[in-house]
>>> print(open('start21.txt').read())   # compact mmCIF, C-alpha atoms
# COMPACT_ATOMS: atom_id res chain seq x y z
CA MET Y 284 9.02 -3.12 9.38
CA ASP Y 285 5.24 -3.20 9.10
CA THR Y 286 3.36 -5.20 11.70
CA ILE Y 287 2.69 -8.73 10.51
CA ARG Y 288 -0.69 -9.86 11.74
CA PRO Y 289 -1.80 -13.49 12.20
CA ARG Y 290 -2.94 -15.40 9.15
CA SER Y 291 -4.35 -18.85 8.53
CA ALA Y 292 -2.33 -22.04 8.93
CA LYS Y 293 -2.65 -22.51 5.16
CA THR Y 294 -0.81 -19.23 4.59
CA VAL Y 295 1.95 -20.26 7.01
CA ARG Y 296 2.44 -23.59 5.22
CA LYS Y 297 2.49 -21.90 1.81
CA LEU Y 298 5.13 -19.37 2.86
CA ALA Y 299 7.23 -22.09 4.51
CA ARG Y 300 7.11 -24.17 1.31
CA GLN Y 301 8.17 -21.18 -0.79
CA LEU Y 302 11.18 -20.50 1.42
CA SER Y 303 12.09 -24.19 1.55
CA ARG Y 304 12.05 -24.37 -2.26
CA ARG Y 305 14.25 -21.28 -2.45
CA ALA Y 306 16.69 -22.88 -0.01
CA ALA Y 307 16.71 -26.20 -1.88
CA LEU Y 308 17.26 -24.38 -5.18
CA GLY Y 309 20.16 -22.34 -3.80
CA LEU Y 310 21.82 -25.35 -2.19
CA GLY Y 311 21.25 -27.46 -5.33
CA VAL Y 312 22.78 -24.86 -7.65
CA PHE Y 313 25.87 -24.50 -5.48
CA ALA Y 314 26.24 -28.27 -5.16
CA ALA Y 315 25.88 -28.73 -8.94
CA ILE Y 316 28.48 -26.05 -9.66
CA GLY Y 317 30.84 -27.57 -7.11
CA LEU Y 318 30.46 -31.06 -8.60
CA MET Y 319 30.97 -29.75 -12.11
CA CYS Y 320 34.14 -27.90 -11.07
CA ALA Y 321 35.42 -31.02 -9.30
CA LEU Y 322 34.72 -33.22 -12.32
CA VAL Y 323 36.39 -30.88 -14.82
CA CYS Y 324 39.35 -30.45 -12.44
CA ALA Y 325 39.72 -34.23 -12.17
CA ILE Y 326 39.63 -34.55 -15.97
CA GLY Y 327 42.24 -31.81 -16.26
CA VAL Y 328 44.57 -33.59 -13.80
CA TYR Y 329 44.09 -36.89 -15.65
CA LEU Y 330 44.93 -35.33 -19.00
CA LEU Y 331 47.94 -33.59 -17.51
CA ILE Y 332 49.34 -36.84 -16.15
CA PHE Y 333 48.15 -39.45 -18.65
CA GLY Y 334 47.48 -37.36 -21.75
CA GLU Y 335 49.05 -38.73 -24.94
CA ARG Y 336 49.66 -35.37 -26.67
CA ALA Y 337 52.71 -33.48 -25.52
CA MET Y 338 52.04 -29.89 -24.44
CA SER Y 339 54.13 -26.85 -25.00
CA LEU Y 340 55.22 -24.81 -21.99
CA GLY Y 341 52.52 -22.20 -22.63
CA GLU Y 342 49.77 -24.80 -22.98
CA MET Y 343 50.91 -26.55 -19.82
CA LEU Y 344 50.89 -23.32 -17.82
CA LEU Y 345 47.42 -22.48 -19.10
CA HIS Y 346 46.21 -25.99 -18.34
CA LEU Y 347 47.68 -25.85 -14.84
CA SER Y 348 46.11 -22.43 -14.21
CA ILE Y 349 42.64 -23.59 -15.25
CA THR Y 350 42.94 -26.81 -13.25
CA PHE Y 351 44.12 -24.95 -10.18
CA PHE Y 352 41.28 -22.43 -10.49
CA LEU Y 353 38.70 -25.22 -10.77
CA GLY Y 354 40.20 -27.04 -7.79
CA TRP Y 355 40.23 -23.84 -5.73
CA SER Y 356 36.59 -23.15 -6.72
CA THR Y 357 35.60 -26.67 -5.67
CA PHE Y 358 37.24 -26.21 -2.28
CA ARG Y 359 35.69 -22.77 -1.80
CA ILE Y 360 32.17 -24.02 -2.61
CA TYR Y 361 32.72 -26.97 -0.28
CA THR Y 362 33.63 -24.65 2.60
CA TRP Y 363 30.51 -22.60 1.91
CA LEU Y 364 28.17 -25.58 1.75
CA VAL Y 365 29.44 -27.94 4.43
CA ILE Y 366 28.52 -26.02 7.58
CA PRO Y 367 27.25 -28.26 10.38
CA ALA Y 368 24.45 -26.77 12.44
CA PRO Y 369 25.69 -25.27 15.71
CA ARG Y 370 25.06 -27.46 18.70
CA PRO Y 371 22.58 -26.14 21.27
CA GLU Y 372 24.27 -24.26 24.08
CA GLY Y 373 23.85 -24.87 27.76
CA VAL Y 374 24.31 -27.56 30.38
CA ARG Y 375 22.69 -30.91 29.72
CA LEU Y 376 20.02 -31.74 32.29
CA ASP Y 377 19.79 -35.51 32.68
CA ARG Y 378 16.50 -37.16 33.53
CA ASP Y 379 17.63 -38.28 37.00
CA LYS Y 380 18.55 -34.67 37.89
CA ALA Y 381 15.09 -33.27 37.12
CA PRO Y 382 12.62 -36.16 36.71
CA SER Y 383 9.50 -34.04 37.18
CA LEU Y 384 10.53 -31.61 34.43
CA HIS Y 385 11.24 -34.44 32.00
CA MET Y 386 7.90 -36.01 32.88
CA LEU Y 387 6.10 -32.72 32.24
CA VAL Y 388 7.78 -32.35 28.84
CA ASP Y 389 6.98 -35.97 27.90
CA ASN Y 390 3.33 -35.62 28.92
CA LEU Y 391 2.90 -32.41 26.94
CA ALA Y 392 4.52 -33.96 23.86
CA ARG Y 393 2.16 -36.96 24.04
CA ARG Y 394 -0.88 -34.78 24.70
CA MET Y 395 -0.11 -32.51 21.75
CA SER Y 396 1.14 -35.32 19.46
CA ALA Y 397 4.49 -33.57 19.15
CA PRO Y 398 7.87 -35.24 18.58
CA MET Y 399 9.40 -36.41 21.84
CA VAL Y 400 12.22 -34.28 23.24
CA ASP Y 401 15.53 -36.16 23.29
CA ARG Y 402 17.30 -33.94 25.83
CA ILE Y 403 16.93 -30.77 27.86
CA ARG Y 404 19.66 -28.16 28.23
CA ILE Y 405 19.77 -25.22 30.65
CA THR Y 406 21.36 -21.91 29.62
CA ALA Y 407 22.18 -18.66 31.39
CA ASP Y 408 19.82 -16.66 29.15
CA MET Y 409 16.23 -15.53 29.54
CA ASN Y 410 14.97 -17.84 26.81
CA ALA Y 411 13.13 -20.99 25.82
CA ALA Y 412 13.47 -22.74 22.47
CA VAL Y 413 13.39 -26.08 20.73
CA HIS Y 414 16.16 -27.06 18.34
CA GLN Y 415 16.16 -29.93 15.88
CA ARG Y 416 19.40 -31.16 14.37
CA PRO Y 417 20.23 -34.26 12.31
CA VAL Y 418 22.31 -36.58 14.45
CA LYS Y 419 24.96 -36.79 11.70
CA GLY Y 420 25.27 -33.04 11.32
CA LEU Y 421 23.68 -32.66 7.87
CA TRP Y 422 21.71 -35.91 7.70
CA GLY Y 423 20.33 -38.67 9.91
CA ARG Y 424 17.49 -38.83 12.42
CA MET Y 425 16.20 -35.51 13.67
CA GLU Y 426 17.24 -34.96 17.28
CA THR Y 427 15.12 -32.60 19.36
CA THR Y 428 16.59 -30.48 22.16
CA LEU Y 429 14.63 -28.26 24.52
CA VAL Y 430 16.61 -25.24 25.76
CA LEU Y 431 15.45 -23.44 28.90
CA GLY Y 432 17.09 -20.40 30.44
CA LEU Y 433 17.69 -20.58 34.18
CA PRO Y 434 16.65 -16.91 34.65
CA LEU Y 435 13.39 -17.71 32.85
CA VAL Y 436 12.61 -20.68 35.09
CA HIS Y 437 13.38 -18.54 38.16
CA SER Y 438 10.94 -15.89 36.92
CA ILE Y 439 7.75 -17.87 36.39
CA SER Y 440 5.46 -20.21 38.28
CA PRO Y 441 5.09 -23.94 37.54
CA ARG Y 442 1.80 -23.30 35.67
CA GLN Y 443 3.44 -20.58 33.61
CA LEU Y 444 6.29 -22.92 32.71
CA THR Y 445 3.65 -25.33 31.40
CA ALA Y 446 2.37 -22.53 29.16
CA ILE Y 447 5.90 -21.83 27.87
CA LEU Y 448 6.47 -25.51 27.16
CA ALA Y 449 3.10 -25.80 25.41
CA HIS Y 450 4.16 -22.96 23.11
CA GLU Y 451 7.43 -24.74 22.29
CA MET Y 452 5.63 -28.05 21.73
CA ALA Y 453 3.26 -26.23 19.38
CA HIS Y 454 6.25 -25.24 17.25
CA LEU Y 455 7.19 -28.90 17.03
CA VAL Y 456 3.77 -30.29 16.24
CA ARG Y 457 2.73 -27.67 13.68
CA GLN Y 458 5.98 -26.50 12.09
CA ARG Y 459 8.73 -29.07 12.82
CA HIS Y 460 6.97 -32.43 12.51
CA GLY Y 461 8.00 -35.05 9.95
CA SER Y 462 8.96 -33.53 6.59
CA LEU Y 463 8.39 -30.02 8.00
CA ALA Y 464 11.44 -30.54 10.21
CA TRP Y 465 13.57 -31.16 7.13
CA ASP Y 466 12.11 -28.09 5.43
CA ALA Y 467 13.17 -26.00 8.42
CA HIS Y 468 16.58 -27.69 8.33
CA LEU Y 469 17.04 -26.73 4.67
CA ARG Y 470 16.06 -23.11 5.35
CA ALA Y 471 18.48 -22.85 8.27
CA TRP Y 472 21.23 -24.50 6.19
CA TRP Y 473 20.75 -22.03 3.33
CA HIS Y 474 20.81 -19.14 5.79
CA ARG Y 475 24.16 -20.33 7.17
CA VAL Y 476 25.54 -20.66 3.63
CA CYS Y 477 24.53 -17.07 2.82
CA GLU Y 478 26.13 -15.85 6.04
CA ARG Y 479 29.34 -17.76 5.28
CA ILE Y 480 29.54 -16.25 1.78
CA ALA Y 481 28.83 -12.74 3.09
CA SER Y 482 31.61 -13.04 5.68
CA ASP Y 483 34.12 -14.42 3.15
CA GLY Y 484 36.53 -11.71 2.06
CA SER Y 485 37.51 -13.29 -1.26
CA ALA Y 486 36.77 -11.53 -4.54
CA SER Y 487 34.50 -14.35 -5.73
CA ALA Y 488 32.49 -14.20 -2.49
CA ARG Y 489 32.08 -10.42 -2.78
CA LEU Y 490 30.91 -10.79 -6.38
CA LEU Y 491 28.52 -13.56 -5.42
CA THR Y 492 27.19 -11.52 -2.50
CA TRP Y 493 26.52 -8.61 -4.84
CA LEU Y 494 24.71 -10.87 -7.30
CA LEU Y 495 22.65 -12.60 -4.59
CA THR Y 496 21.76 -9.48 -2.59
CA PRO Y 497 18.35 -8.71 -4.21
CA TRP Y 498 17.29 -12.35 -4.03
CA ALA Y 499 18.63 -12.76 -0.49
CA GLU Y 500 16.94 -9.59 0.79
CA ALA Y 501 13.58 -10.76 -0.52
CA GLY Y 502 14.16 -14.10 1.20
CA ILE Y 503 15.06 -12.39 4.48
CA MET Y 504 11.83 -10.40 4.47
CA LYS Y 505 9.81 -13.54 3.81
CA ALA Y 506 11.74 -15.39 6.54
CA LEU Y 507 10.95 -12.63 9.05
CA GLU Y 508 7.30 -12.80 8.08
CA LEU Y 509 7.34 -16.56 8.55
CA ASN Y 510 8.93 -16.18 12.01
CA HIS Y 511 6.10 -13.88 13.05
CA LEU Y 512 3.38 -16.11 11.66
CA GLU Y 513 4.85 -19.20 13.29
CA GLU Y 514 4.89 -17.44 16.68
CA TYR Y 515 1.23 -16.52 16.30
CA GLU Y 516 0.37 -20.07 15.28
CA ALA Y 517 2.29 -21.57 18.21
CA ASP Y 518 0.48 -19.19 20.59
CA ARG Y 519 -2.87 -20.17 19.09
CA VAL Y 520 -2.19 -23.91 19.45
CA ALA Y 521 -0.77 -23.55 22.98
CA SER Y 522 -3.78 -21.50 24.09
CA ARG Y 523 -6.01 -24.48 23.35
CA VAL Y 524 -3.98 -26.54 25.81
CA VAL Y 525 -3.38 -24.09 28.68
CA THR Y 526 -6.01 -21.38 27.90
CA ALA Y 527 -5.34 -18.02 26.28
CA LYS Y 528 -5.59 -16.26 29.65
CA LEU Y 529 -2.74 -18.26 31.20
CA LEU Y 530 -0.57 -17.92 28.10
CA GLY Y 531 -1.19 -14.16 27.94
CA ASP Y 532 -0.35 -13.74 31.63
CA THR Y 533 2.81 -15.77 31.09
CA LEU Y 534 3.92 -13.59 28.18
CA VAL Y 535 3.42 -10.49 30.32
CA GLU Y 536 5.25 -12.03 33.30
CA VAL Y 537 8.22 -13.06 31.16
CA ALA Y 538 8.46 -9.63 29.54
CA MET Y 539 8.31 -7.83 32.88
CA LYS Y 540 10.79 -10.15 34.60
CA SER Y 541 13.14 -9.89 31.62
CA GLU Y 542 13.18 -6.11 31.97
CA PHE Y 543 13.86 -6.42 35.70
CA ILE Y 544 16.64 -9.02 35.41
CA GLU Y 545 18.44 -7.39 32.48
CA GLY Y 546 18.22 -3.98 34.14
CA ASP Y 547 17.79 -3.70 37.90
CA TYR Y 548 19.06 -7.11 38.94
CA TRP Y 549 22.28 -7.15 36.94
CA GLU Y 550 22.96 -3.52 37.84
CA LYS Y 551 22.76 -4.47 41.50
CA VAL Y 552 25.12 -7.40 40.98
CA MET Y 553 27.69 -5.35 39.07
CA ALA Y 554 27.46 -2.43 41.50
CA GLN Y 555 29.35 -4.57 44.02
CA ALA Y 556 32.52 -3.96 42.02
CA GLU Y 557 32.66 -0.42 43.42
CA HIS Y 558 33.51 -1.66 46.93
CA SER Y 559 34.40 -5.36 46.77
CA PRO Y 560 37.10 -7.27 44.86
CA ARG Y 561 34.75 -10.28 44.68
CA PRO Y 562 30.96 -10.41 44.48
CA THR Y 563 29.09 -11.32 47.63
CA ILE Y 564 25.87 -11.69 45.66
CA ARG Y 565 26.30 -14.55 43.22
CA PRO Y 566 23.93 -13.83 40.34
CA PHE Y 567 22.65 -17.34 39.65
CA ARG Y 568 22.84 -18.70 43.19
CA ASP Y 569 20.83 -15.75 44.54
CA MET Y 570 18.62 -15.16 41.49
CA GLY Y 571 15.53 -16.84 42.95
CA MET Y 572 15.44 -14.64 46.05
CA GLY Y 573 16.65 -11.58 44.15
CA VAL Y 574 13.88 -11.78 41.57
CA ALA Y 575 11.19 -12.57 44.14
CA ALA Y 576 12.15 -9.68 46.44
CA GLY Y 577 13.36 -7.07 43.97
CA PHE Y 578 10.57 -7.41 41.45
CA GLN Y 579 7.85 -6.87 44.05
CA ALA Y 580 9.37 -3.49 44.91
CA LEU Y 581 8.96 -2.22 41.34
CA PRO Y 582 5.98 -0.13 40.14
CA GLN Y 583 4.64 -3.07 38.13
CA ASN Y 584 1.72 -1.26 36.48
CA GLY Y 585 4.07 1.40 35.14
CA LEU Y 586 6.46 -1.25 33.86
CA LEU Y 587 3.61 -3.02 32.08
CA ARG Y 588 2.44 0.22 30.45
CA SER Y 589 5.94 0.89 29.15
CA LEU Y 590 6.17 -2.64 27.70
CA ILE Y 591 2.78 -2.39 26.02
CA SER Y 592 3.61 0.96 24.43
CA ASP Y 593 7.07 -0.18 23.33
CA GLU Y 594 7.03 -1.33 19.69
CA SER Y 595 10.77 -1.97 19.45
CA GLY Y 596 12.15 -5.48 19.45
CA GLY Y 597 9.48 -6.73 17.07
CA ILE Y 598 11.80 -7.54 14.18
CA MET Y 599 12.51 -11.24 14.68
CA HIS Y 600 9.36 -11.90 16.73
CA PRO Y 601 6.04 -10.13 17.28
CA THR Y 602 5.83 -7.56 20.02
CA LEU Y 603 4.11 -8.36 23.31
CA THR Y 604 1.17 -6.16 22.33
CA ASP Y 605 0.70 -7.93 18.99
CA ARG Y 606 0.76 -11.35 20.62
CA LEU Y 607 -1.78 -10.34 23.26
CA VAL Y 608 -4.04 -8.84 20.59
CA ALA Y 609 -3.84 -12.05 18.58
CA LEU Y 610 -4.76 -14.07 21.69
CA ARG Y 611 -7.58 -11.59 22.46
CA VAL Y 612 -6.25 -11.16 25.98
CA ALA Y 613 -6.14 -7.84 27.79
CA PRO Y 614 -2.74 -6.93 29.26
CA ARG Y 615 -2.64 -7.06 33.05
CA VAL Y 616 -0.16 -7.63 35.84
CA PRO Y 617 -0.39 -11.39 36.47
CA ILE Y 618 -1.71 -12.54 39.83
CA ARG Y 619 0.47 -15.40 41.05
CA LYS Y 620 -1.42 -18.04 43.07
CA THR Y 621 1.83 -19.43 44.43
CA LYS Y 622 5.13 -17.82 45.37
CA ARG Y 623 7.01 -20.96 44.39
CA SER Y 624 8.97 -20.59 41.17
CA ALA Y 625 9.23 -23.17 38.42
CA ALA Y 626 12.95 -23.49 39.23
CA SER Y 627 12.34 -24.52 42.84
CA HIS Y 628 9.51 -26.84 41.75
CA TYR Y 629 11.12 -28.63 38.79
CA LEU Y 630 14.88 -28.11 39.18
CA ARG Y 631 15.36 -28.56 42.92
CA PRO Y 632 17.78 -31.57 42.77
CA ALA Y 633 19.89 -29.95 40.04
CA LEU Y 634 19.54 -26.29 41.01
CA PRO Y 635 22.60 -25.91 43.30
CA GLY Y 636 24.91 -27.54 40.75
CA LEU Y 637 23.53 -25.49 37.86
CA SER Y 638 23.82 -22.25 39.80
CA LYS Y 639 27.39 -23.02 40.84
CA ARG Y 640 28.39 -23.85 37.28
CA PHE Y 641 26.85 -20.72 35.75
CA ASP Y 642 28.27 -18.52 38.53
CA GLY Y 643 31.71 -19.97 37.82
CA MET Y 644 31.45 -19.32 34.08
CA TRP Y 645 30.16 -15.79 34.73
CA TRP Y 646 32.96 -14.96 37.19
CA ARG Y 647 35.70 -16.27 34.89
CA ALA Y 648 34.41 -14.04 32.10
CA THR Y 649 33.79 -11.01 34.33
CA ARG Y 650 36.76 -11.14 36.73
CA PRO Y 651 39.30 -9.08 34.71
CA ALA Y 652 36.94 -6.17 34.12
CA TRP Y 653 35.58 -6.43 37.67
CA ARG Y 654 39.04 -6.22 39.25
CA GLU Y 655 40.07 -3.35 37.00
CA TYR Y 656 36.94 -1.37 37.86
CA TYR Y 657 37.39 -2.11 41.59
CA LYS Y 658 40.97 -0.81 41.52
CA ALA Y 659 39.87 2.33 39.68
CA CYS Y 660 37.17 2.96 42.29
CA GLN Y 661 39.66 2.52 45.15
CA ILE Y 662 42.12 4.93 43.54
CA GLY Y 663 39.32 7.44 43.08
CA GLN Y 664 38.34 7.15 46.74
CA ASP Y 665 41.95 7.62 47.87
CA ASP Y 666 42.27 10.74 45.72
>>> encode(input="start21.txt", output="structure tokens")
Amino acid sequence: MDTIRPRSAKTVRKLARQLSRRAALGLGVFAAIGLMCALVCAIGVYLLIFGERAMSLGEMLLHLSITFFLGWSTFRIYTWLVIPAPRPEGVRLDRDKAPSLHMLVDNLARRMSAPMVDRIRITADMNAAVHQRPVKGLWGRMETTLVLGLPLVHSISPRQLTAILAHEMAHLVRQRHGSLAWDAHLRAWWHRVCERIASDGSASARLLTWLLTPWAEAGIMKALELNHLEEYEADRVASRVVTAKLLGDTLVEVAMKSEFIEGDYWEKVMAQAEHSPRPTIRPFRDMGMGVAAGFQALPQNGLLRSLISDESGGIMHPTLTDRLVALRVAPRVPIRKTKRSAASHYLRPALPGLSKRFDGMWWRATRPAWREYYKACQIGQDD
């Protein structure tokens, strides 16, 4: 896909409105067809039961067939349309478990005039995101959830976490505030409907998928463009709060640490299976020390050059290079003024419990393959 460069906020709003109208139109057409099928089906059932004119056997079978088809169509459309948004993943982090983190998020939201975050959840992924969901599933007050990955918080400094949070708050204040939140909700809803239809194996769903493909593909391309533009806009707004230099350094740090954790760190953890039936290094318990020690041993300048020259992974979001260019920041290996991570600074009361929980979930999922590989290695050594 061609590189999508930053554009004005007016262009972002215009594209978002276009996609929201497409989503509202698609949802409205399906809802209207479903209601019409339900109404005609109800009339058919009424006439079948209370109709004054007697029907022949052939007429009755035809009437029953049409009524059944309309009822089946109503049910099928209902299953396509009524898809509650998935709940944010992760472990809920209550305010008393991490008061300083909640205070930081609240202060940033007030400073940037963003919607207040209702809850914070911690995941096992290298990510940060804000999710907004209606409290009733498809309607009701918008509820805002901040999702932070524990590996991410282990990888950055407290100041860099502020930059990450400012970027997420910028999404809220510029793209998910007030009616814009409902526009985004409609777009996400329509996307889930299209996915549900595409995964449905029925003949009607396959026909509908074929008919909608050109329209859906055009919408997907516009949605990808909007994702890129919203990332640039969030970076631009966040840079006014924490400076472009700090945000650029944070983007570089996250990209480099992500490469290290997903590659070197997890390889070291899984390599234990060659000689031990159980891991002695627990990935989440020991992640803070593992990242701090292992990352320093890497040729960091070489890693940065490879990330800057790598143009892959820029489908859903802009590449690191594009984001740095948009911020007008030169890529460099960040110089940390403190060795203390954001995890040890903001999650200290909750960190042992979170690590234990994620280690437990990881071991339950990994144990069968781990034990099988360990046995194979022992047999190979005996041979």
>>> atom_distance(input="start21.txt", atom1="atom CA of Y:Leu610", atom2="atom CA of Y:Arg523")
10.6 Å
>>> residues_around(input="start21.txt", residues="Y:Arg650", least_positions_apart="5", cutoff="10 Å", atoms="only C-alpha atoms", output="PDB file with C-alpha atoms, in the frame of the given file")
ATOM      1  CA  ALA Y 556      32.520  -3.960  42.020  1.00  0.00           C
ATOM      2  CA  PRO Y 560      37.100  -7.270  44.860  1.00  0.00           C
ATOM      3  CA  ARG Y 561      34.750 -10.280  44.680  1.00  0.00           C
ATOM      4  CA  PRO Y 562      30.960 -10.410  44.480  1.00  0.00           C
ATOM      5  CA  TRP Y 645      30.160 -15.790  34.730  1.00  0.00           C
ATOM      6  CA  GLU Y 655      40.070  -3.350  37.000  1.00  0.00           C
ATOM      7  CA  TYR Y 656      36.940  -1.370  37.860  1.00  0.00           C
TER       8      TYR Y 656
END
>>> closest_residue(input="start21.txt", among="Y:Leu494, Y:Ala381, Y:Ala501, Y:Leu344", to="Y:Ala626", atoms="only C-alpha atoms")
Y:Ala381
>>> closest_atom_pairs(input="start21.txt", of="stretch 490-602 of chain Y", to="stretch 458-480 of chain Y", cutoff="12 Å", atoms="all atoms listed in the file", output="JSON lines")
{"residue": "Y:Leu490", "atom": "CA", "partner": "Y:Ile480", "partner_atom": "CA", "distance": 9.9}
{"residue": "Y:Leu491", "atom": "CA", "partner": "Y:Ile480", "partner_atom": "CA", "distance": 7.8}
{"residue": "Y:Thr492", "atom": "CA", "partner": "Y:Ile480", "partner_atom": "CA", "distance": 6.8}
{"residue": "Y:Trp493", "atom": "CA", "partner": "Y:Ile480", "partner_atom": "CA", "distance": 10.6}
{"residue": "Y:Leu494", "atom": "CA", "partner": "Y:Ile480", "partner_atom": "CA", "distance": 11.6}
{"residue": "Y:Leu495", "atom": "CA", "partner": "Y:Cys477", "partner_atom": "CA", "distance": 8.9}
{"residue": "Y:Thr496", "atom": "CA", "partner": "Y:Cys477", "partner_atom": "CA", "distance": 9.7}
{"residue": "Y:Trp498", "atom": "CA", "partner": "Y:Cys477", "partner_atom": "CA", "distance": 11.0}
{"residue": "Y:Ala499", "atom": "CA", "partner": "Y:Cys477", "partner_atom": "CA", "distance": 8.0}
{"residue": "Y:Glu500", "atom": "CA", "partner": "Y:Cys477", "partner_atom": "CA", "distance": 10.8}
{"residue": "Y:Gly502", "atom": "CA", "partner": "Y:His474", "partner_atom": "CA", "distance": 9.5}
{"residue": "Y:Ile503", "atom": "CA", "partner": "Y:His474", "partner_atom": "CA", "distance": 9.0}
{"residue": "Y:Lys505", "atom": "CA", "partner": "Y:Arg470", "partner_atom": "CA", "distance": 11.5}
{"residue": "Y:Ala506", "atom": "CA", "partner": "Y:Arg470", "partner_atom": "CA", "distance": 8.9}
{"residue": "Y:Leu509", "atom": "CA", "partner": "Y:Gln458", "partner_atom": "CA", "distance": 10.6}
{"residue": "Y:Asn510", "atom": "CA", "partner": "Y:Gln458", "partner_atom": "CA", "distance": 10.7}
{"residue": "Y:Leu512", "atom": "CA", "partner": "Y:Gln458", "partner_atom": "CA", "distance": 10.7}
{"residue": "Y:Glu513", "atom": "CA", "partner": "Y:Gln458", "partner_atom": "CA", "distance": 7.5}
{"residue": "Y:Glu514", "atom": "CA", "partner": "Y:Gln458", "partner_atom": "CA", "distance": 10.2}
{"residue": "Y:Tyr515", "atom": "CA", "partner": "Y:Gln458", "partner_atom": "CA", "distance": 11.8}
{"residue": "Y:Glu516", "atom": "CA", "partner": "Y:Gln458", "partner_atom": "CA", "distance": 9.1}
{"residue": "Y:Ala517", "atom": "CA", "partner": "Y:Gln458", "partner_atom": "CA", "distance": 8.7}
{"residue": "Y:Val520", "atom": "CA", "partner": "Y:Gln458", "partner_atom": "CA", "distance": 11.3}
>>> residues_around(input="start21.txt", residues="Y:Leu353", least_positions_apart="4", cutoff="10 Å", atoms="all atoms listed in the file", output="PDB file with C-alpha atoms, in the frame of the given file")
ATOM      1  CA  GLY Y 317      30.840 -27.570  -7.110  1.00  0.00           C
ATOM      2  CA  MET Y 319      30.970 -29.750 -12.110  1.00  0.00           C
ATOM      3  CA  CYS Y 320      34.140 -27.900 -11.070  1.00  0.00           C
ATOM      4  CA  ALA Y 321      35.420 -31.020  -9.300  1.00  0.00           C
ATOM      5  CA  LEU Y 322      34.720 -33.220 -12.320  1.00  0.00           C
ATOM      6  CA  VAL Y 323      36.390 -30.880 -14.820  1.00  0.00           C
ATOM      7  CA  CYS Y 324      39.350 -30.450 -12.440  1.00  0.00           C
ATOM      8  CA  ALA Y 325      39.720 -34.230 -12.170  1.00  0.00           C
ATOM      9  CA  GLY Y 327      42.240 -31.810 -16.260  1.00  0.00           C
ATOM     10  CA  LEU Y 347      47.680 -25.850 -14.840  1.00  0.00           C
ATOM     11  CA  SER Y 348      46.110 -22.430 -14.210  1.00  0.00           C
ATOM     12  CA  ILE Y 349      42.640 -23.590 -15.250  1.00  0.00           C
ATOM     13  CA  THR Y 357      35.600 -26.670  -5.670  1.00  0.00           C
ATOM     14  CA  PHE Y 358      37.240 -26.210  -2.280  1.00  0.00           C
ATOM     15  CA  ARG Y 359      35.690 -22.770  -1.800  1.00  0.00           C
TER      16      ARG Y 359
END
>>> closest_residue(input="start21.txt", among="Y:Leu308, Y:Met570, Y:Val400, Y:Thr533", to="Y:Ile447", atoms="only C-alpha atoms")
Y:Thr533
